[in-house]
Amino acid sequence: MNVQSAAMGAGAFTPSAPSYLSARDAIRMLRRHARLLLLIAAAVMGSALAFYLLAEPRYDATTVMRVAVDDFRPDDSDNPASIREAEQLRTHQIETQIQLLGSRMVARQTVRDLALYNDPDFNPNADPTKRKTASAKEAAQKASGDASLSDPTDADDGPSPQLIERTTDRLLSAVKVAQDGQSDFINVTVSSGSPAKAAKIANKIAGNYIRLQVTERRAARTRAVKQLQELAQRSRSELLGDEMAIAAYRRDHRIDAGPGRDADVAQMARLASELAASGAGLAEARVRANGGGSAMSPLLADLRGQQSTISRRRAELSTLYGREHPDVKKATAELAEVDTAIAAETARIERQMSDEASAQGARASMLAGSLGAMRGQSLQRGIASVALADLERRAETTRALYLSLSQRLQRAEQARDSVRPDATVSSAALLPTQPSFPRAGQIAGVAVGASFILGMIAMLVAEALQDQVRNAGEVQRLVNLPTFGMVPEIQGHKHVQAHLRVAKEPFTLFAEAIRRSELKLRRYLASQNGKVIQITSPLPGDGKTTMAISLAAAAVASGRTAVMVDLDLRRPGLPDVFDGSLCEKDLVGYLEGRAELDEILVESPSLSGLKAVPVRAAAEDPGHTLNSPRMATLFSRLREDFDLVIINSPPILAVGDAELLAAFADATILILRWGHTTPELLQATTSAFDAPISGIIFNRVHFAKHARLSYGDAIQHFPRNSPYHKGEPHGWRQRLGWTESA
């Protein structure tokens, strides 16, 4: 069984504190620092009350402006804007108007109009008489109907630009421009010590914004109209120049402005058709001319008929009468005449057809020449038309630009006189009746919040500054050791020794705490089958010697035998307790072989049964003495003769004797001085001690303070158990901060 489990079995082990801050821990922390929290709360609330009574009241006046949000429609599309695009445009327009309303330009104009540079609220060095003069001048200007914005800087004694800018800065710090929720309304709020002044400035800012925006927008549109007029005039001049260039080019290249190329194509088609017809006629005429006898005419046909008749008749006559017959000869003569007539007629017809063929050939040649000439002219005109087309395209572009500029100019001239601002006054600022600052509710809320925050900070700082180990939970968390007891500081008569207080005054708080610790140690040693306890501490002055004697006295008071062995060979602590009972021989003599155990064992003259093995004086070589082979014999004898053996060893961080003596002890108890031992000191002690430590005991505990700090342990409830602690000096409960209870 290890040390921790044994302590738990004996009932001495205290559960470890959680690593997180629970609600109960937070409540205990608040209880520990309740006075500090109340003090901070009282100071903060008092300061808040003084501030509320002494602070100058401020009044807020608000002018509500409404932003004219138009539906967004892209320039290149007739489709309505999407919901997202419309919302983005709306947000952009509202943010733009907020920036304009809170701009320096509007504030500067307001400073000039209201002569705020003469107002002590905005200029600490202002002269109030000048402000009255400026106000009277402004009233006179309004009465005379002067609508122009007054500019006091035009006067000979006007303010300097630096003063205007400083006053503008102060005005901007008193103005707040913000959107009213998600609506299209903007609140222009002005804070001032005067209700009338706040309302006047708020309304003036809204009015100046509207006038400045309308004036600037009208001037911008006038400039835009002028620019469009100049652009339109320039475009018109360019268009006239382009059209004159086209006319001159047509004239130089003899290009008509009529149908042009289409007419040429139609005429060439007609000539080609005529040329084809003429060629066909020429071929036919040549065929007829080359055909000879095949040519025919009415006369020739008649003559050929006569020739056939006469030839048939002569043949008949020749058959009947012979060739020499007169009728035959007559027929032969008639036939010769007819042949002659046929030959003449045939020659005439051939001449006529030859003349027709010649005429057709001449006409075809003429038509071919005309067609070729026209084709040449068409090709030349086509080449010239390239440059003409470029001139015409340029003129067309210039014409389109001129028409567009003319339309834009017309729209700009129509919109020039219809100027309206992007935001209008929806509700003018009224005279505030209640101050906006200070307000009791706000001041109280801020004070409560500040009290809480400052109190929490102060509490955490106080917790951090309390750099001492004060309870068993901290010990368990830091070094994982149980706590066997918490012993209060001895109250009353300081000359009463601790062991006598335990034995002779059993109803005292100190005696009860010692007996509790001794009982837990007894159970622990029983579980460990041991009798020897080493008592040590981190540093001198922690009360280890007093604790060792008190534990031994508690054992004797319970009917057990106990002995205390003083092994602090450098600073012996028992001569004062056992004064008058010391012999010449001591523990050092025994360890050096110059004495026996019976010769050095002494009994307390004031408490029968309490024995000790003292050291009269510091050893010359403590390390050599502690390494004596008789050390084992000493503890073997003491284990046989006594129920409890307590070793009073030197502090751990002072020397290494305690670590050497741990080999002879069944348990090592570390004594911590309550309110003085720091976490770093405790951890350094356990790290330096290269041996098991069974647990700790807190010494010189301030029970009243510990209970007030509310660590959640048993001591927190001790004030309710005061009737059981009798025998304390008069007024001890009052000194501890406790009250008597029934």
# chains A, B, ... in the order shown; residues from 1 in each chain; ligands from 1
>>> residues_around(residues="Trp674 (chain A)", least_positions_apart="5", cutoff="8 Å", atoms="only C-alpha atoms", output="ChimeraX atom specification")
/A:468-470,698-702
>>> closest_residue(among="A:Arg84, A:Arg637, A:Lys200, A:Arg270", to="Leu601 (chain A)", atoms="only C-alpha atoms")
A:Arg637
>>> select_by_dssp(residues="region 182-428 of chain A", states="helix (DSSP H, G or I)", output="PyMOL selection string")
chain A and resi 195-253+261-294+298-321+326-415
>>> atom_distance(atom1="CA of His325 (chain A)", atom2="CA of Gly305 (chain A)")
23.7 Å
>>> residues_around(residues="region 685-697 of chain A", least_positions_apart="3", cutoff="7 Å", atoms="only C-alpha atoms", output="PyMOL selection string")
chain A and resi 3+481-486+538+652-653+659+662+667-672+681-682
>>> residues_around(residues="region 557-566 of chain A", least_positions_apart="5", cutoff="6 Å", atoms="only C-alpha atoms", output="list of chain:residue names")
A:Ala503, A:Ala552, A:Lys611, A:Ala612, A:Val613, A:Pro614, A:Phe642, A:Asp643, A:Leu644, A:Val645, A:Ile646, A:Ile647, A:Asn648
>>> residues_around(residues="region 218-227 of chain A", least_positions_apart="2", cutoff="12 Å", atoms="only C-alpha atoms", output="ChimeraX atom specification")
/A:210-216,229-234,405-421
>>> write_last_selection(atoms="N, CA and C atoms", output="CSV table (one decimal), in the first residue's frame")
chain,number,residue,atom,x,y,z
A,210,ILE,N,-28.8,69.8,-48.5
A,210,ILE,CA,-29.7,69.9,-49.7
A,210,ILE,C,-29.2,71.0,-50.6
A,211,ARG,N,-29.0,72.2,-50.1
A,211,ARG,CA,-28.6,73.3,-50.9
A,211,ARG,C,-27.3,73.1,-51.6
A,212,LEU,N,-26.3,72.6,-50.9
A,212,LEU,CA,-25.0,72.4,-51.5
A,212,LEU,C,-25.1,71.3,-52.6
A,213,GLN,N,-25.9,70.3,-52.4
A,213,GLN,CA,-26.0,69.2,-53.4
A,213,GLN,C,-26.8,69.7,-54.6
A,214,VAL,N,-27.9,70.5,-54.4
A,214,VAL,CA,-28.6,71.0,-55.5
A,214,VAL,C,-27.8,72.0,-56.3
A,215,THR,N,-27.1,72.8,-55.6
A,215,THR,CA,-26.2,73.8,-56.3
A,215,THR,C,-25.1,73.1,-57.1
A,216,GLU,N,-24.5,72.2,-56.5
A,216,GLU,CA,-23.4,71.4,-57.1
A,216,GLU,C,-23.9,70.6,-58.3
A,229,GLN,N,-22.9,70.7,-75.9
A,229,GLN,CA,-23.0,71.6,-77.0
A,229,GLN,C,-21.7,71.7,-77.8
A,230,GLU,N,-20.6,71.8,-77.1
A,230,GLU,CA,-19.3,71.9,-77.8
A,230,GLU,C,-19.1,70.6,-78.7
A,231,LEU,N,-19.4,69.5,-78.1
A,231,LEU,CA,-19.2,68.2,-78.8
A,231,LEU,C,-20.1,68.1,-80.0
A,232,ALA,N,-21.4,68.5,-79.8
A,232,ALA,CA,-22.3,68.5,-80.9
A,232,ALA,C,-21.9,69.4,-82.1
A,233,GLN,N,-21.5,70.6,-81.7
A,233,GLN,CA,-21.0,71.6,-82.7
A,233,GLN,C,-19.8,71.0,-83.5
A,234,ARG,N,-18.9,70.5,-82.8
A,234,ARG,CA,-17.7,69.9,-83.4
A,234,ARG,C,-18.1,68.7,-84.3
A,405,LEU,N,-25.3,62.8,-79.9
A,405,LEU,CA,-25.0,64.0,-79.1
A,405,LEU,C,-26.2,64.9,-79.1
A,406,SER,N,-26.9,65.0,-80.2
A,406,SER,CA,-28.0,65.9,-80.3
A,406,SER,C,-29.1,65.5,-79.3
A,407,GLN,N,-29.3,64.1,-79.3
A,407,GLN,CA,-30.4,63.6,-78.4
A,407,GLN,C,-29.9,63.8,-76.9
A,408,ARG,N,-28.7,63.5,-76.6
A,408,ARG,CA,-28.2,63.7,-75.3
A,408,ARG,C,-28.3,65.1,-74.8
A,409,LEU,N,-27.9,66.0,-75.8
A,409,LEU,CA,-28.0,67.5,-75.4
A,409,LEU,C,-29.4,67.9,-75.2
A,410,GLN,N,-30.4,67.3,-75.9
A,410,GLN,CA,-31.8,67.7,-75.7
A,410,GLN,C,-32.2,67.2,-74.3
A,411,ARG,N,-31.8,65.9,-73.9
A,411,ARG,CA,-32.2,65.4,-72.6
A,411,ARG,C,-31.5,66.2,-71.5
A,412,ALA,N,-30.3,66.6,-71.7
A,412,ALA,CA,-29.5,67.3,-70.7
A,412,ALA,C,-30.1,68.7,-70.5
A,413,GLU,N,-30.6,69.3,-71.5
A,413,GLU,CA,-31.2,70.7,-71.4
A,413,GLU,C,-32.5,70.6,-70.7
A,414,GLN,N,-33.2,69.5,-71.0
A,414,GLN,CA,-34.5,69.3,-70.3
A,414,GLN,C,-34.3,69.0,-68.8
A,415,ALA,N,-33.2,68.2,-68.4
A,415,ALA,CA,-33.0,67.9,-67.0
A,415,ALA,C,-32.2,68.9,-66.3
A,416,ARG,N,-31.7,70.0,-66.9
A,416,ARG,CA,-30.9,71.0,-66.3
A,416,ARG,C,-31.7,71.7,-65.2
A,417,ASP,N,-32.9,72.0,-65.4
A,417,ASP,CA,-33.7,72.8,-64.5
A,417,ASP,C,-34.5,71.9,-63.6
A,418,SER,N,-34.5,70.6,-63.7
A,418,SER,CA,-35.2,69.7,-62.8
A,418,SER,C,-34.3,69.0,-61.9
A,419,VAL,N,-33.6,69.7,-61.0
A,419,VAL,CA,-32.6,69.1,-60.1
A,419,VAL,C,-33.2,68.9,-58.8
A,420,ARG,N,-33.0,67.7,-58.2
A,420,ARG,CA,-33.5,67.4,-56.9
A,420,ARG,C,-32.4,66.6,-56.1
A,421,PRO,N,-32.3,66.8,-54.8
A,421,PRO,CA,-31.3,66.1,-54.1
A,421,PRO,C,-31.6,64.6,-53.9
>>> closest_residue(among="A:Ala198, A:Leu569, A:Leu661, A:Ala115", to="Thr168 (chain A)", atoms="only C-alpha atoms")
A:Ala115
>>> closest_residue(among="A:Ala684, A:Leu634, A:Ala206, A:Ile246", to="Ala595 (chain A)", atoms="only C-alpha atoms")
A:Leu634
>>> closest_residue(among="A:Pro435, A:Gly241, A:Gly372, A:Pro298", to="Gly193 (chain A)", atoms="only C-alpha atoms")
A:Pro435
>>> closest_residue(among="A:Arg58, A:Arg35, A:Arg515, A:Arg304", to="Glu337 (chain A)", atoms="only C-alpha atoms")
A:Arg304
